[in-house]
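Input: a single structure, listed below in structure tokens.
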Amino acid sequence: MEMMHREDFSEGSIPFLATCQLEGNIGDITNEEATKDVTSTVKKASQDSIECEASTGFALLTEGTTIASTGHILCRPLQFLSRRHGLVLASLSPLFFSIEHLFVAVLNETLDAFQVVFMHVPVLMICSLVLMIYKGVRPPRDYKHYLLLLATGSFQAIAVCFIALSLKTLAVGDTVTITRTCVIQVSFLSWLILKEPLRLFDILFVFLAFGGVIFIARPPFIFRNILGLSSSDVTFHGIFFALAASFGIALYTVFSRKLFKLGVNGLFCIFFNVTATVILSGLFTLIFSRWRCPSMFEWLFSLLAGVTYAFALVTIFYALKVETATLVSILSTLQIFFAFLWQVLFLHLPPFWTSYIGAFLIFVACIAITVMNKPPPSAPDHLSVMDAEDDRAT
């Protein structure tokens with residue numbers, strides 16, 4: 001019995017020790033000594049247990065703090081993107097626009113420019129129609145709105161066709177850079193049509209942008225002694241088409257602002273304008289008898305061009321709903337950078353150094369005129385009409 005108790009008695013076996021002391025089965029140990037030993041052992045075991053639990057809790061707390069801090073660091077970019085998703089959309093729009101221009105430039109090598117427009121723009125028409133049905137957008141009832149829609153549709157169709165014609169003979173970077181002068185032209189057209197104020201700075205920025213166009217066009221009477229150019233080396237008709245496209249975009253922008261002020265939904269404007277573009281480009285293709293049966297490769301590139309075009313317009317549409325028009329306009333100038341990047345990487349066409357200077361001058365002019373024409377805090381700086389229309393539709 002005593003042997004069994006000694007074998008079972010081990011360090012930490014407190015309940016068994018207390019039982020033996022109560023039964024009086026501990027041979028040489030007196031009751032008083034046993035009581036002291038039991039008390040001291042219990043205190044020691046309790047202290048060890050508390051220290052163990054404390055150390056374990058501190059380790060868990062340290063580990064949890066480390067995980068929480070690591071998670072906080074990892075979540076910072078995601079929290080910023082969630083708060084400024086409009087900024088991300090505004091940055092993606094020029095990227096998609098530049099990719100669409102790249103696909104159009106590739107298709108222009110084998111197809112007619114009007115046919116290229118007719119093949120890839122219907123993708124945007126389908127996407128805008130789906131969004132209209134999903135949002136429950138209703139068409140306007142006033143016939144005056146449709147007169148303005150006819151104007152904006154015609155201007156957009158002309159602009160898109162002229163961009164395709166310009167890409168036929170002009171490099172992607174030069175075409176995109178010249179068409180970005182529409183930002184400067186909008187100031188003059190807003191003054192003429194919408195009676196908005198025109199300041200001296202706007203005129204100075206126009207001359208700055210015009211200087212950028214001169215550097216890109218490289219007329220021989222200016223650059224003959226510098227670059228050794230002749231008249232045959234310069235594609236003036238490509239420059240003309242790019243300038244005409246920028247003028248069409250400016251007119252389209254001004255009349256679209258007029259429509260937004262009248263309460264016409266932005267999605268319906270996109271659908272109507274794209275429909276007009278498809279109809280006019282199809283008529284131009286039939287009139288000039290330049291339709292050619294495209295290959296699978298050309299159909300694929302047309303689909304990709306249409307998808308990127310749709311993404312570009314949809315992203316800028318929703319960016320304008322949550323970000324200011326000034327910020328969206330500034331970020332849209334990134335299209336110049338992307339266009340030159342794709343031209344060098346994929347088309348293997350290094351630009352002239354004059355193109356870089358011209359692009360820089362136009363870029364500065366666009367940024368400056370956008371910042372200087374920032375509306376006052378009391379005026380709406382985004383397309384709040386779209387927000388109201390969407391809220392009423394939902």
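Residues in the structure tokens are numbered from 1 in each chain, the chains being A, B, ... in the order shown, and ligands are numbered from 1 in the order shown.
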
As a PyMOL selection string, list the residues of segment 100-245 of chain A assigned to alpha helix (DSSP H) by DSSP on the backbone atoms of this structure. chain A and resi 100-107+113-120+122-135+143-169+172-179+182-193+200-217+220-227+236-245

Report as JSON, numbers by chain all protein, DNA and RNA residues lying within 8 Å of Ser281 of chain A, evaluated on only C-alpha atoms, omitting residues in the same chain fewer than 2 positions from it. {"A": [114, 115, 117, 118, 157, 161, 277, 278, 279, 283, 284, 285]}

Need to verify the contact set: Phe97 of chain A, 9 Å, only C-alpha atoms, exclusion of same-chain residues closer than 5 positions in sequence. Can you return it as a list in words? Leu92, Leu102, Thr308, Tyr309, Phe311, Ala312, Leu313, Gln335 and Ala339 of chain A

Using only N, CA and C atoms, please write the residues we just selected to a file, as a tab-separated table (two decimals), in the first residue's frame.
chain	number	residue	atom	x	y	z
A	92	LEU	N	-7.62	54.29	-65.27
A	92	LEU	CA	-7.78	53.20	-66.22
A	92	LEU	C	-8.34	53.66	-67.55
A	102	LEU	N	-4.33	51.67	-80.30
A	102	LEU	CA	-3.32	50.73	-80.80
A	102	LEU	C	-3.95	49.66	-81.68
A	308	THR	N	-12.15	47.34	-75.35
A	308	THR	CA	-11.35	48.37	-74.67
A	308	THR	C	-12.01	49.75	-74.79
A	309	TYR	N	-12.64	50.01	-75.94
A	309	TYR	CA	-13.35	51.28	-76.11
A	309	TYR	C	-14.52	51.37	-75.13
A	311	PHE	N	-14.79	49.74	-72.22
A	311	PHE	CA	-14.24	49.89	-70.88
A	311	PHE	C	-13.78	51.33	-70.64
A	312	ALA	N	-13.19	51.96	-71.66
A	312	ALA	CA	-12.70	53.33	-71.51
A	312	ALA	C	-13.84	54.30	-71.21
A	313	LEU	N	-14.93	54.20	-71.97
A	313	LEU	CA	-16.05	55.12	-71.76
A	313	LEU	C	-16.79	54.82	-70.45
A	335	GLN	N	-3.08	59.47	-71.38
A	335	GLN	CA	-3.23	58.78	-72.65
A	335	GLN	C	-2.06	59.08	-73.58
A	339	ALA	N	0.20	56.13	-75.17
A	339	ALA	CA	0.25	56.00	-76.62
A	339	ALA	C	1.69	55.89	-77.12

From A:Phe271, A:Ser98, A:Val183, A:Ala217, residue lying nearest Asp202 of chain A [only C-alpha atoms]: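 Checking each of A:Phe271, A:Ser98, A:Val183, A:Ala217 against Asp202 of chain A, counting only C-alpha atoms, the winner is A:Val183.
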
Ranking A:Gly263, A:Leu111, A:Asp142, A:Ile163 by minimum distance to Arg292 of chain A and counting only C-alpha atoms, which one comes first?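 Checking each candidate against Arg292 of chain A, we get A:Leu111 as the closest.
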
Contacts of segment 230-255 of chain A with segment 185-189 of chain A up to 9 Å, shortest pair per row, only C-alpha atoms, as a Markdown table:
| residue | atom | partner | partner_atom | distance |
| --- | --- | --- | --- | --- |
| A:Ser246 | CA | A:Gln185 | CA | 8.0 |
| A:Phe247 | CA | A:Gln185 | CA | 6.9 |
| A:Ile249 | CA | A:Val186 | CA | 8.7 |
| A:Ala250 | CA | A:Val186 | CA | 5.0 |
| A:Leu251 | CA | A:Leu189 | CA | 7.1 |
| A:Thr253 | CA | A:Val186 | CA | 7.3 |
| A:Val254 | CA | A:Val186 | CA | 6.6 |

Would you export the selected residues with N, CA and C atoms as a CSV table (one decimal), in the first residue's frame, please?
chain,number,residue,atom,x,y,z
A,246,SER,N,-10.0,66.4,-83.0
A,246,SER,CA,-10.0,67.1,-81.7
A,246,SER,C,-11.1,68.1,-81.7
A,247,PHE,N,-11.3,68.8,-82.8
A,247,PHE,CA,-12.4,69.8,-82.9
A,247,PHE,C,-13.8,69.1,-82.7
A,249,ILE,N,-14.3,66.3,-81.1
A,249,ILE,CA,-14.4,65.9,-79.6
A,249,ILE,C,-14.8,67.1,-78.8
A,250,ALA,N,-14.2,68.2,-79.1
A,250,ALA,CA,-14.6,69.4,-78.3
A,250,ALA,C,-16.0,69.8,-78.5
A,251,LEU,N,-16.5,69.8,-79.7
A,251,LEU,CA,-18.0,70.1,-80.0
A,251,LEU,C,-18.9,69.1,-79.3
A,253,THR,N,-18.1,67.4,-76.6
A,253,THR,CA,-18.1,67.6,-75.1
A,253,THR,C,-19.0,68.8,-74.7
A,254,VAL,N,-18.9,69.9,-75.5
A,254,VAL,CA,-19.7,71.1,-75.1
A,254,VAL,C,-21.2,70.8,-75.2
